$ cat work_20.cif   # mmCIF, C-alpha atoms and all ligand atoms
data_input
loop_
_atom_site.label_atom_id
_atom_site.label_comp_id
_atom_site.auth_asym_id
_atom_site.auth_seq_id
_atom_site.Cartn_x
_atom_site.Cartn_y
_atom_site.Cartn_z
CA MET A 6 88.46 106.45 61.54
CA PRO A 7 88.42 109.64 63.63
CA LYS A 8 91.80 110.61 65.07
CA ILE A 9 92.40 110.05 68.78
CA LYS A 10 93.86 113.36 69.91
CA VAL A 11 96.24 113.03 72.82
CA ALA A 12 98.13 115.59 74.95
CA LEU A 13 101.34 114.35 76.61
CA VAL A 14 102.23 115.55 80.09
CA GLY A 15 105.93 114.80 80.58
CA VAL A 16 108.11 114.23 77.50
CA GLY A 17 110.37 111.66 79.17
CA ASN A 18 111.39 108.15 78.16
CA CYS A 19 107.88 106.73 78.18
CA ALA A 20 106.56 109.55 75.96
CA SER A 21 109.53 109.01 73.65
CA ALA A 22 108.77 105.31 73.22
CA LEU A 23 105.10 106.07 72.61
CA VAL A 24 105.76 108.75 69.98
CA GLN A 25 108.37 106.58 68.25
CA GLY A 26 105.94 103.65 68.38
CA LEU A 27 103.24 105.72 66.67
CA GLN A 28 105.70 106.45 63.85
CA TYR A 29 106.93 102.84 63.73
CA TYR A 30 103.48 101.25 63.55
CA GLY A 31 101.80 104.12 61.71
CA THR A 32 102.95 102.91 58.31
CA ARG A 33 102.45 99.19 58.96
CA SER A 34 99.43 97.10 58.07
CA LYS A 35 97.62 95.15 60.80
CA ASP A 36 99.55 91.98 59.96
CA GLU A 37 102.89 93.80 60.06
CA CYS A 38 102.30 95.18 63.57
CA VAL A 39 104.62 92.67 65.25
CA GLY A 40 105.15 93.38 68.96
CA LEU A 41 101.67 94.73 69.63
CA ARG A 42 99.10 92.80 71.59
CA ASN A 43 96.28 94.41 69.60
CA PRO A 44 97.19 95.79 66.17
CA LEU A 45 93.53 96.80 65.93
CA LEU A 46 91.41 97.64 68.98
CA GLY A 47 87.80 98.75 68.73
CA GLY A 48 88.48 99.25 65.02
CA PHE A 49 91.33 101.67 65.76
CA HIS A 50 94.85 101.20 64.34
CA PRO A 51 97.82 102.90 66.08
CA LYS A 52 97.91 105.36 63.17
CA ASP A 53 94.59 106.72 64.42
CA ILE A 54 96.35 108.13 67.49
CA GLU A 55 97.76 111.63 67.13
CA VAL A 56 99.74 113.63 69.67
CA VAL A 57 98.42 117.20 69.45
CA ALA A 58 100.07 118.85 72.48
CA ALA A 59 102.95 118.21 74.88
CA PHE A 60 104.14 119.72 78.17
CA ASP A 61 107.43 119.49 80.05
CA ILE A 62 109.71 121.68 82.19
CA ASP A 63 113.18 120.76 80.92
CA GLY A 64 114.94 123.46 78.88
CA ARG A 65 116.24 120.82 76.46
CA LYS A 66 112.66 119.91 75.55
CA VAL A 67 110.49 123.04 76.03
CA GLY A 68 110.15 125.14 72.85
CA LYS A 69 111.40 122.24 70.69
CA ASP A 70 109.43 120.25 68.16
CA MET A 71 108.28 117.04 69.81
CA SER A 72 110.21 114.94 67.28
CA GLU A 73 113.41 116.52 68.63
CA ALA A 74 112.42 116.83 72.30
CA ILE A 75 111.81 113.09 72.75
CA PHE A 76 115.52 112.43 72.04
CA ALA A 77 116.84 115.21 74.32
CA GLU A 78 118.76 114.32 77.48
CA PRO A 79 118.21 113.05 80.08
CA ASN A 80 115.96 110.74 78.01
CA ASN A 81 117.96 107.61 77.25
CA VAL A 82 115.50 105.27 75.58
CA THR A 83 116.72 103.46 72.47
CA ARG A 84 116.09 105.05 69.07
CA LEU A 85 113.27 103.00 67.55
CA ALA A 86 112.23 105.13 64.57
CA ASP A 87 113.22 108.24 62.61
CA LEU A 88 110.64 110.97 62.94
CA PRO A 89 109.62 113.81 60.64
CA LEU A 90 108.81 117.21 62.19
CA SER A 91 105.60 116.87 64.18
CA ASN A 92 104.71 120.57 64.31
CA VAL A 93 103.83 120.02 67.95
CA VAL A 94 105.98 122.29 70.11
CA VAL A 95 106.59 121.29 73.72
CA HIS A 96 105.05 123.85 76.10
CA LYS A 97 106.29 124.66 79.57
CA GLY A 98 104.02 123.67 82.45
CA PRO A 99 104.37 124.58 86.13
CA VAL A 100 107.15 122.72 87.98
CA LEU A 101 105.22 122.09 91.22
CA ASP A 102 106.67 118.86 92.69
CA GLY A 103 107.98 117.65 89.31
CA LEU A 104 111.54 117.39 90.62
CA GLY A 105 112.82 115.44 93.60
CA GLU A 106 116.06 115.72 95.56
CA TYR A 107 117.88 113.42 93.13
CA THR A 108 116.32 114.49 89.82
CA LYS A 109 116.79 118.22 90.40
CA HIS A 110 120.43 117.65 89.41
CA VAL A 111 119.42 115.86 86.21
CA VAL A 112 116.53 117.96 84.87
CA GLN A 113 117.33 121.56 83.77
CA ILE A 114 114.35 123.84 84.36
CA SER A 115 113.46 125.87 81.26
CA GLY A 116 113.45 129.69 81.41
CA HIS A 117 110.42 129.82 79.06
CA PRO A 118 107.24 131.37 80.47
CA GLU A 119 104.59 128.91 81.58
CA ALA A 120 101.89 128.17 79.04
CA ASN A 121 98.19 128.45 79.80
CA VAL A 122 97.80 124.67 79.84
CA ALA A 123 93.99 124.57 79.73
CA LEU A 124 94.00 126.95 76.76
CA VAL A 125 96.60 124.86 74.88
CA LEU A 126 94.51 121.75 75.52
CA LYS A 127 91.40 123.46 74.14
CA GLU A 128 93.11 125.03 71.12
CA SER A 129 94.81 121.77 70.16
CA ASN A 130 91.47 119.93 70.37
CA ALA A 131 93.03 117.40 72.73
CA GLU A 132 90.49 114.89 73.99
CA ILE A 133 92.75 112.70 76.19
CA VAL A 134 95.42 113.95 78.61
CA LEU A 135 98.09 111.27 79.16
CA ASN A 136 99.95 111.80 82.42
CA LEU A 137 103.58 110.62 82.15
CA LEU A 138 105.05 112.75 84.94
CA PRO A 139 107.68 111.34 87.32
CA SER A 140 106.16 109.02 89.87
CA GLY A 141 106.94 111.43 92.73
CA ALA A 142 105.04 114.32 91.11
CA VAL A 143 101.82 113.82 93.06
CA ASN A 144 100.73 117.49 93.18
CA ALA A 145 101.64 118.07 89.53
CA SER A 146 99.65 114.96 88.52
CA GLN A 147 96.62 116.31 90.38
CA TRP A 148 97.13 119.73 88.82
CA TYR A 149 97.05 118.21 85.31
CA ALA A 150 93.96 116.16 86.23
CA GLU A 151 92.38 119.49 87.13
CA GLN A 152 93.38 120.95 83.73
CA ALA A 153 91.79 117.93 82.02
CA LEU A 154 88.55 118.61 83.89
CA ILE A 155 88.64 122.32 82.98
CA SER A 156 89.31 121.53 79.30
CA GLY A 157 86.80 118.70 78.95
CA CYS A 158 89.43 115.99 78.38
CA ALA A 159 89.57 112.37 79.52
CA PHE A 160 92.53 111.58 81.79
CA VAL A 161 94.91 108.61 81.62
CA ASN A 162 97.16 108.35 84.67
CA ALA A 163 100.18 106.14 83.98
CA THR A 164 101.87 107.23 87.22
CA PRO A 165 101.47 105.72 90.69
CA SER A 166 99.78 108.88 92.05
CA PHE A 167 96.22 107.99 93.00
CA ILE A 168 93.69 109.67 90.67
CA ALA A 169 91.42 107.07 89.04
CA SER A 170 91.62 104.91 92.18
CA ASP A 171 90.78 107.85 94.43
CA ALA A 172 87.04 108.00 95.02
CA GLY A 173 87.06 111.82 95.22
CA TRP A 174 88.84 112.30 91.91
CA ALA A 175 86.79 109.59 90.19
CA GLN A 176 83.64 111.37 91.34
CA ARG A 177 84.86 114.69 89.97
CA PHE A 178 85.36 113.11 86.54
CA GLU A 179 81.94 111.49 86.84
CA MET A 180 80.35 114.86 87.58
CA ALA A 181 82.19 116.39 84.63
CA GLU A 182 80.91 113.47 82.47
CA LEU A 183 84.46 112.50 81.49
CA PRO A 184 86.29 109.16 81.70
CA VAL A 185 89.39 108.65 83.85
CA VAL A 186 91.66 105.57 83.96
CA GLY A 187 94.67 104.56 86.10
CA ASP A 188 96.69 104.24 88.20
CA ASP A 189 100.28 103.07 87.51
CA LEU A 190 100.46 101.48 84.08
CA ILE A 191 101.08 97.76 83.66
CA ASP A 192 103.99 96.86 81.37
CA GLN A 193 103.66 94.56 78.35
CA VAL A 194 106.30 92.22 79.79
CA GLY A 195 105.54 93.23 83.34
CA SER A 196 107.53 91.93 86.26
CA THR A 197 104.39 92.09 88.41
CA THR A 198 102.30 90.14 85.88
CA LEU A 199 105.07 87.59 85.38
CA HIS A 200 105.46 87.16 89.13
CA LYS A 201 101.72 86.75 89.65
CA THR A 202 101.40 84.30 86.78
CA LEU A 203 104.23 82.13 88.11
CA LEU A 204 102.79 82.12 91.62
CA ARG A 205 99.34 81.26 90.35
CA LEU A 206 100.68 78.43 88.19
CA LEU A 207 102.63 76.98 91.11
CA SER A 208 99.80 77.29 93.61
CA GLN A 209 97.30 75.80 91.12
CA ASN A 210 99.64 72.80 90.88
CA GLY A 211 99.51 72.34 94.65
CA VAL A 212 102.83 74.00 95.50
CA HIS A 213 102.63 75.90 98.77
CA ILE A 214 104.60 79.14 98.42
CA THR A 215 106.11 80.31 101.68
CA GLU A 216 108.26 83.30 100.64
CA THR A 217 108.83 85.29 97.46
CA TYR A 218 110.35 88.55 96.33
CA GLN A 219 110.78 90.49 93.10
CA LEU A 220 113.13 93.46 93.07
CA ASP A 221 114.39 95.50 90.14
CA VAL A 222 117.04 98.02 89.17
CA GLY A 223 116.93 100.50 86.28
CA GLY A 224 118.91 103.38 84.78
CA GLY A 225 116.20 105.82 83.58
CA THR A 226 115.44 109.12 85.35
CA GLU A 227 112.29 107.47 86.66
CA SER A 228 114.36 104.88 88.57
CA LEU A 229 116.29 107.74 90.17
CA ASP A 230 113.08 109.49 91.20
CA THR A 231 111.71 106.21 92.56
CA LEU A 232 114.81 105.75 94.69
CA ASP A 233 114.28 109.19 96.18
CA ARG A 234 110.53 109.56 96.50
CA THR A 235 108.31 106.64 95.57
CA LYS A 236 110.08 103.44 96.53
CA ASP A 237 107.62 102.81 99.36
CA VAL A 238 104.42 103.59 97.46
CA LYS A 239 105.54 101.53 94.44
CA ARG A 240 106.53 98.68 96.72
CA ALA A 241 103.15 98.80 98.46
CA ILE A 242 101.26 98.77 95.12
CA LYS A 243 103.29 95.90 93.67
CA THR A 244 103.33 93.83 96.85
CA LYS A 245 99.55 94.12 97.26
CA SER A 246 99.03 93.19 93.63
CA VAL A 247 101.33 90.13 93.86
CA GLU A 248 99.78 88.98 97.16
CA ALA A 249 96.39 88.90 95.41
CA ALA A 250 97.68 86.13 93.11
CA LEU A 251 97.86 83.60 95.96
CA PRO A 252 94.75 82.15 97.64
CA TYR A 253 96.56 82.14 101.00
CA ALA A 254 98.97 84.40 102.89
CA ALA A 255 102.70 84.17 102.18
CA ALA A 256 105.69 86.43 102.83
CA VAL A 257 105.72 88.67 99.72
CA VAL A 258 107.95 91.62 98.81
CA ALA A 259 107.82 93.23 95.35
CA GLY A 260 109.14 96.56 94.13
CA SER A 261 111.92 98.73 92.75
CA THR A 262 115.15 98.82 94.61
CA ASP A 263 117.92 100.83 92.99
CA TYR A 264 119.23 103.11 90.24
CA VAL A 265 122.23 101.99 88.17
CA ASP A 266 123.11 104.77 85.71
CA PHE A 267 124.99 102.68 83.13
CA LEU A 268 121.94 100.50 82.61
CA GLN A 269 120.51 103.49 80.65
CA ASN A 270 116.81 102.75 80.06
CA ARG A 271 117.27 99.04 80.73
CA ARG A 272 115.67 97.35 83.74
CA ASP A 273 116.73 94.11 85.39
CA SER A 274 114.13 92.34 87.52
CA TYR A 275 115.06 89.55 89.92
CA PHE A 276 112.53 86.95 91.07
CA TRP A 277 112.95 84.54 93.93
CA ILE A 278 110.27 82.05 94.97
CA ARG A 279 110.43 79.41 97.68
CA GLY A 280 107.81 76.83 98.55
CA VAL A 281 107.13 73.17 99.25
CA HIS A 282 105.48 70.54 97.12
CA PHE A 283 104.86 66.76 97.47
CA CYS A 284 105.58 65.47 101.02
CA ASN A 285 106.79 68.92 102.08
CA VAL A 286 109.78 68.68 99.70
CA PRO A 287 111.21 72.21 99.11
CA MET A 288 111.45 73.91 95.69
CA GLN A 289 112.99 77.22 94.69
CA ILE A 290 113.01 79.51 91.62
CA ASP A 291 115.72 82.12 91.04
CA MET A 292 115.13 84.09 87.84
CA LYS A 293 116.10 87.32 86.05
CA LEU A 294 114.15 89.32 83.44
CA SER A 295 115.91 92.04 81.39
CA THR A 296 113.82 94.60 79.51
CA VAL A 297 114.06 98.15 78.15
CA ASP A 298 111.72 100.14 80.34
CA ALA A 299 109.95 102.70 78.16
CA PRO A 300 109.09 100.50 75.13
CA ASN A 301 107.65 98.06 77.65
CA ALA A 302 104.86 100.57 78.25
CA GLY A 303 104.06 101.13 74.56
CA SER A 304 101.68 98.29 73.70
CA VAL A 305 99.53 98.77 76.81
CA LEU A 306 99.47 102.56 76.31
CA LEU A 307 98.23 102.11 72.73
CA ASP A 308 95.47 99.80 74.00
CA VAL A 309 94.50 102.15 76.83
CA LEU A 310 94.35 105.24 74.60
CA ARG A 311 92.14 103.45 72.08
CA ALA A 312 89.91 102.08 74.86
CA VAL A 313 89.53 105.57 76.36
CA LYS A 314 88.51 106.87 72.95
CA MET A 315 85.82 104.16 72.94
CA ALA A 316 84.77 105.30 76.43
CA LEU A 317 84.49 108.88 75.15
CA GLU A 318 82.39 107.76 72.19
CA ARG A 319 80.11 105.83 74.55
CA LYS A 320 79.92 108.87 76.85
CA LEU A 321 81.20 106.89 79.86
CA LYS A 322 82.08 108.94 82.90
CA GLY A 323 84.19 108.47 86.03
CA ALA A 324 86.64 105.59 86.46
CA VAL A 325 86.22 103.10 83.58
CA GLU A 326 86.82 99.91 85.56
CA PRO A 327 87.42 97.41 82.68
CA VAL A 328 90.18 99.66 81.31
CA CYS A 329 91.61 100.35 84.78
CA VAL A 330 91.91 96.65 85.69
CA TYR A 331 93.37 95.72 82.29
CA GLY A 332 95.98 98.45 82.01
CA PHE A 333 96.95 99.46 85.54
CA LYS A 334 98.53 98.03 88.67
CA HIS A 335 96.40 100.11 91.06
CA PRO A 336 92.84 100.27 89.68
CA PRO A 337 89.93 101.37 91.88
CA HIS A 338 89.21 97.66 92.59
CA LEU A 339 91.87 94.98 92.18
CA VAL A 340 90.64 91.79 90.45
CA ALA A 341 92.28 88.53 89.36
CA LEU A 342 94.21 88.61 86.04
CA GLU A 343 91.62 86.40 84.28
CA THR A 344 88.78 88.63 85.47
CA ALA A 345 90.63 91.72 84.20
CA GLU A 346 91.11 90.06 80.79
CA LYS A 347 87.44 89.05 80.64
CA LEU A 348 86.14 92.48 81.64
CA PHE A 349 88.36 94.24 79.09
CA GLY A 350 87.42 91.74 76.35
CA GLN A 351 83.72 92.41 77.03
CA PHE A 352 84.31 96.17 77.09
CA VAL A 353 86.06 96.15 73.72
CA THR A 354 83.47 93.99 71.98
CA GLU A 355 80.26 95.44 73.43
CA GLU A 356 78.37 97.86 71.20
N1 LIG B 1 107.49 101.10 81.43
C1 LIG B 1 107.35 102.37 81.81
O1 LIG B 1 108.05 103.25 81.32
C2 LIG B 1 106.30 102.71 82.84
C3 LIG B 1 105.46 101.72 83.36
C4 LIG B 1 104.54 102.07 84.35
C5 LIG B 1 104.44 103.38 84.80
N2 LIG B 1 105.27 104.34 84.25
C6 LIG B 1 105.16 105.71 84.78
O2 LIG B 1 105.22 106.67 83.72
C7 LIG B 1 105.79 107.87 84.23
C8 LIG B 1 106.84 108.39 83.25
O3 LIG B 1 107.94 107.50 83.21
P1 LIG B 1 109.25 107.92 82.37
O4 LIG B 1 110.18 106.77 82.43
O5 LIG B 1 108.86 108.49 81.06
O6 LIG B 1 109.83 109.11 83.30
P2 LIG B 1 110.88 110.25 82.89
O7 LIG B 1 111.49 110.70 84.16
O8 LIG B 1 111.75 109.77 81.79
O9 LIG B 1 109.94 111.42 82.29
C9 LIG B 1 109.24 112.34 83.08
C10 LIG B 1 109.18 113.67 82.33
O10 LIG B 1 108.37 114.58 83.05
C11 LIG B 1 108.99 115.85 83.01
N3 LIG B 1 108.47 116.67 84.11
C12 LIG B 1 108.85 116.71 85.41
N4 LIG B 1 108.07 117.57 86.10
C13 LIG B 1 107.20 118.09 85.23
C14 LIG B 1 106.14 119.05 85.35
N5 LIG B 1 105.83 119.62 86.52
N6 LIG B 1 105.44 119.36 84.24
C15 LIG B 1 105.72 118.78 83.04
N7 LIG B 1 106.72 117.88 82.87
C16 LIG B 1 107.44 117.54 83.95
C17 LIG B 1 110.48 115.56 83.06
O11 LIG B 1 111.25 116.64 82.61
C18 LIG B 1 110.54 114.34 82.15
O12 LIG B 1 110.71 114.73 80.80
C19 LIG B 1 106.32 107.56 85.63
O13 LIG B 1 105.44 108.03 86.62
C20 LIG B 1 106.36 106.04 85.66
O14 LIG B 1 106.18 105.51 86.97
C21 LIG B 1 106.17 104.03 83.30
#

$ encode --input "work_20.cif" --output "structure tokens" --more "lines below"
Ligand SMILES: NC(=O)c1ccc[n+]([C@@H]2O[C@H](COP(=O)([O-])OP(=O)(O)OC[C@H]3O[C@@H](n4cnc5c(N)ncnc54)[C@H](O)[C@@H]3O)[C@@H](O)[C@H]2O)c1
Amino acid sequence: MPKIKVALVGVGNCASALVQGLQYYGTRSKDECVGLRNPLLGGFHPKDIEVVAAFDIDGRKVGKDMSEAIFAEPNNVTRLADLPLSNVVVHKGPVLDGLGEYTKHVVQISGHPEANVALVLKESNAEIVLNLLPSGAVNASQWYAEQALISGCAFVNATPSFIASDAGWAQRFEMAELPVVGDDLIDQVGSTTLHKTLLRLLSQNGVHITETYQLDVGGGTESLDTLDRTKDVKRAIKTKSVEAALPYAAAVVAGSTDYVDFLQNRRDSYFWIRGVHFCNVPMQIDMKLSTVDAPNAGSVLLDVLRAVKMALERKLKGAVEPVCVYGFKHPPHLVALETAEKLFGQFVTEE
């Protein structure tokens, strides 16, 4: 199979889990790929994905081999695999709005000169730019989308900045005849998906939900940035997505709430659901989900990267809706979970 050549923007926890996952699954046969939703997708195995370039701003990562940079502080994701040298050196990109009030004390800006990002993308033969910048880095995310356009790369936006779901940006990728997908990646064991599935199950069984919330706390740098800059936008995205699971209006709140440093990369999500069932008798669910944040993105990222490669091979352009609805919380058009599954299934199997 041809390699899927990916450039990473932001060598944080999520990038670390992805790179470690590529090593972990790279040597395993299809049947040994436990923990992946799709060991093979469109004929591609995870070993067909290759990281060919990486960009960051932190002095503990820039200038280092990627195999070393992914373990540098403040990354705190669990060690999942031992890595050989990758021969991919992390380049410095422009800082722009990469740091917020809280994270500027955590990230140490590198003194290295800035790389010519578009040139690095071209020389590395990258075909997909994967945006893993902090969620508050809206301008920087747009700047990297611009670099993808200049370099003829597809763009995957895992962050909650609006690129694929923004009609203007989607049109620019369409005009450049390149695919774009996003925004805000869905986790493998996602609190939003779990919440929606529970609500749907209850409402299908005739329970009338009156109020529900889902709030979570985490200890990664991303949770700190969220606390500072993107709590509201993330809450709006999640709440809208959860509301769509019920066929009627209810009081819904869903989103991140706090940063707890000793949790490291762990995330605790709390769910509370109240409703009435037979003869207006009340029922309540109080539940907690504990996950490690970055590995939770891995399986969906592997699927999305392989699907975008398929989009490139099929010469699709603009926002690729079946991939957006399958892999992201804020696609251009929100659809029901079953519809997203169906659309993605058709996309993967069509010739
Ligand atoms: N489960 C998940 O991890 C998950 C799920 C959904 C969405 N996401 C999104 O993925 C993104 C990355 O999450 P993370 O946990 O890896 O965050 P992180 O804070 O660990 O990593 C961000 C990285 O970007 C770097 N950076 C900051 N500004 C930069 C710039 N201008 N140029 C280049 N690099 C820069 C930082 O130094 C850091 O290494 C976030 O936007 C998050 O919302 C993650």

$ closest_atom_pairs --input "work_20.cif" --of "region 178-260 of chain A" --to "region 323-342 of chain A" --cutoff "8 Å" --atoms "all atoms listed in the file" --output "CSV"
residue,atom,partner,partner_atom,distance
A:Phe178,CA,A:Gly323,CA,4.8
A:Glu179,CA,A:Gly323,CA,3.9
A:Met180,CA,A:Gly323,CA,7.6
A:Glu182,CA,A:Gly323,CA,7.0
A:Leu183,CA,A:Gly323,CA,6.1
A:Pro184,CA,A:Gly323,CA,4.9
A:Val185,CA,A:Ala324,CA,4.9
A:Val186,CA,A:Cys329,CA,5.3
A:Gly187,CA,A:Cys329,CA,5.4
A:Asp188,CA,A:His335,CA,5.0
A:Asp189,CA,A:Phe333,CA,5.3
A:Leu190,CA,A:Phe333,CA,4.3
A:Ile191,CA,A:Phe333,CA,4.8
A:Ile242,CA,A:His335,CA,6.5
A:Lys243,CA,A:Lys334,CA,7.2
A:Ser246,CA,A:Lys334,CA,6.9
A:Ala249,CA,A:Ala341,CA,7.3
A:Ala250,CA,A:Ala341,CA,7.0

$ residues_near_ligand --input "work_20.cif" --ligand "ligand LIG 1 (chain B)" --cutoff "7 Å" --atoms "all atoms listed in the file" --output "VMD selection string"
chain A and resid 14 to 20 60 to 63 80 97 to 104 112 137 to 140 142 145 163 to 165 189 to 192 225 to 227 298 to 302

$ closest_residue --input "work_20.cif" --among "A:Asp87, A:Glu78, A:Asp291, A:Asp221" --to "Ser196 (chain A)" --atoms "only C-alpha atoms"
A:Asp221

$ atom_distance --input "work_20.cif" --atom1 "CA of Thr83 (chain A)" --atom2 "CA of Gly303 (chain A)"
13.0 Å

$ closest_residue --input "work_20.cif" --among "A:Leu306, A:Leu220, A:Val111, A:Leu251" --to "Tyr275 (chain A)" --atoms "all atoms listed in the file"
A:Leu220

$ atom_distance --input "work_20.cif" --atom1 "CA of Gly105 (chain A)" --atom2 "CA of Ala77 (chain A)"
19.7 Å

$ residues_around --input "work_20.cif" --residues "Leu45 (chain A)" --least-positions-apart "2" --cutoff "12 Å" --atoms "all atoms listed in the file" --output "MDAnalysis selection string"
chainID A and resid 6 30:31 33:39 41:43 47:54 304 307:308 311:312 353

$ residues_around --input "work_20.cif" --residues "Gly157 (chain A)" --least-positions-apart "4" --cutoff "9 Å" --atoms "all atoms listed in the file" --output "list in words"
Leu126, Lys127, Ala131, Glu132, Ile133, Gln152, Ala153, Ala181, Glu182 and Leu183 of chain A

$ write_last_selection --input "work_20.cif" --atoms "C-alpha atoms" --output "PDB file, in the frame of the given file"
ATOM      1  CA  LEU A 126      94.510 121.750  75.520  1.00  0.00           C
ATOM      2  CA  LYS A 127      91.400 123.460  74.140  1.00  0.00           C
ATOM      3  CA  ALA A 131      93.030 117.400  72.730  1.00  0.00           C
ATOM      4  CA  GLU A 132      90.490 114.890  73.990  1.00  0.00           C
ATOM      5  CA  ILE A 133      92.750 112.700  76.190  1.00  0.00           C
ATOM      6  CA  GLN A 152      93.380 120.950  83.730  1.00  0.00           C
ATOM      7  CA  ALA A 153      91.790 117.930  82.020  1.00  0.00           C
ATOM      8  CA  ALA A 181      82.190 116.390  84.630  1.00  0.00           C
ATOM      9  CA  GLU A 182      80.910 113.470  82.470  1.00  0.00           C
ATOM     10  CA  LEU A 183      84.460 112.500  81.490  1.00  0.00           C
TER      11      LEU A 183
END

$ atom_distance --input "work_20.cif" --atom1 "CA of Thr262 (chain A)" --atom2 "CA of Tyr218 (chain A)"
11.5 Å

$ residues_around --input "work_20.cif" --residues "Leu90 (chain A)" --least-positions-apart "4" --cutoff "10 Å" --atoms "all atoms listed in the file" --output "list in words"
Asp70, Met71, Ser72, Glu73 and Val94 of chain A

$ write_last_selection --input "work_20.cif" --atoms "C-alpha atoms" --output "PDB file, in the coordinates of the input"
ATOM      1  CA  ASP A  70     109.430 120.250  68.160  1.00  0.00           C
ATOM      2  CA  MET A  71     108.280 117.040  69.810  1.00  0.00           C
ATOM      3  CA  SER A  72     110.210 114.940  67.280  1.00  0.00           C
ATOM      4  CA  GLU A  73     113.410 116.520  68.630  1.00  0.00           C
ATOM      5  CA  VAL A  94     105.980 122.290  70.110  1.00  0.00           C
TER       6      VAL A  94
END

$ build_atoms --input "work_20.cif" --residues "region 84-101 of chain A" --atoms "N, CA and C atoms" --output "short mmCIF file (atom, residue, chain, number, x, y, z; two decimals), in the coordinates of the input"
data_model
loop_
_atom_site.label_atom_id
_atom_site.label_comp_id
_atom_site.auth_asym_id
_atom_site.auth_seq_id
_atom_site.Cartn_x
_atom_site.Cartn_y
_atom_site.Cartn_z
N ARG A 84 116.74 104.47 70.25
CA ARG A 84 116.09 105.05 69.07
C ARG A 84 115.38 103.91 68.32
N LEU A 85 114.07 104.06 68.16
CA LEU A 85 113.27 103.00 67.55
C LEU A 85 112.79 103.36 66.15
N ALA A 86 112.75 104.68 65.87
CA ALA A 86 112.23 105.13 64.57
C ALA A 86 112.76 106.53 64.28
N ASP A 87 112.87 106.86 62.99
CA ASP A 87 113.22 108.24 62.61
C ASP A 87 111.92 109.01 62.43
N LEU A 88 111.90 110.23 62.97
CA LEU A 88 110.64 110.97 62.94
C LEU A 88 110.73 112.23 62.09
N PRO A 89 109.69 112.51 61.31
CA PRO A 89 109.62 113.81 60.64
C PRO A 89 109.19 114.86 61.66
N LEU A 90 109.29 116.15 61.29
CA LEU A 90 108.81 117.21 62.19
C LEU A 90 107.34 116.96 62.53
N SER A 91 106.99 117.15 63.79
CA SER A 91 105.60 116.87 64.18
C SER A 91 104.74 118.13 64.13
N ASN A 92 105.41 119.29 64.17
CA ASN A 92 104.71 120.57 64.31
C ASN A 92 103.96 120.69 65.61
N VAL A 93 104.33 119.88 66.58
CA VAL A 93 103.83 120.02 67.95
C VAL A 93 105.01 120.50 68.79
N VAL A 94 104.89 121.72 69.31
CA VAL A 94 105.98 122.29 70.11
C VAL A 94 105.71 122.00 71.59
N VAL A 95 106.75 121.61 72.30
CA VAL A 95 106.59 121.29 73.72
C VAL A 95 106.42 122.59 74.51
N HIS A 96 105.33 122.68 75.27
CA HIS A 96 105.05 123.85 76.10
C HIS A 96 105.58 123.65 77.51
N LYS A 97 105.86 124.76 78.17
CA LYS A 97 106.29 124.66 79.57
C LYS A 97 105.07 124.67 80.50
N GLY A 98 105.06 123.70 81.41
CA GLY A 98 104.02 123.67 82.45
C GLY A 98 104.63 124.11 83.77
N PRO A 99 103.83 124.22 84.81
CA PRO A 99 104.37 124.58 86.13
C PRO A 99 105.20 123.42 86.70
N VAL A 100 106.25 123.78 87.45
CA VAL A 100 107.15 122.72 87.98
C VAL A 100 106.47 121.97 89.12
N LEU A 101 105.86 122.68 90.02
CA LEU A 101 105.22 122.09 91.22
C LEU A 101 106.19 121.09 91.87
#
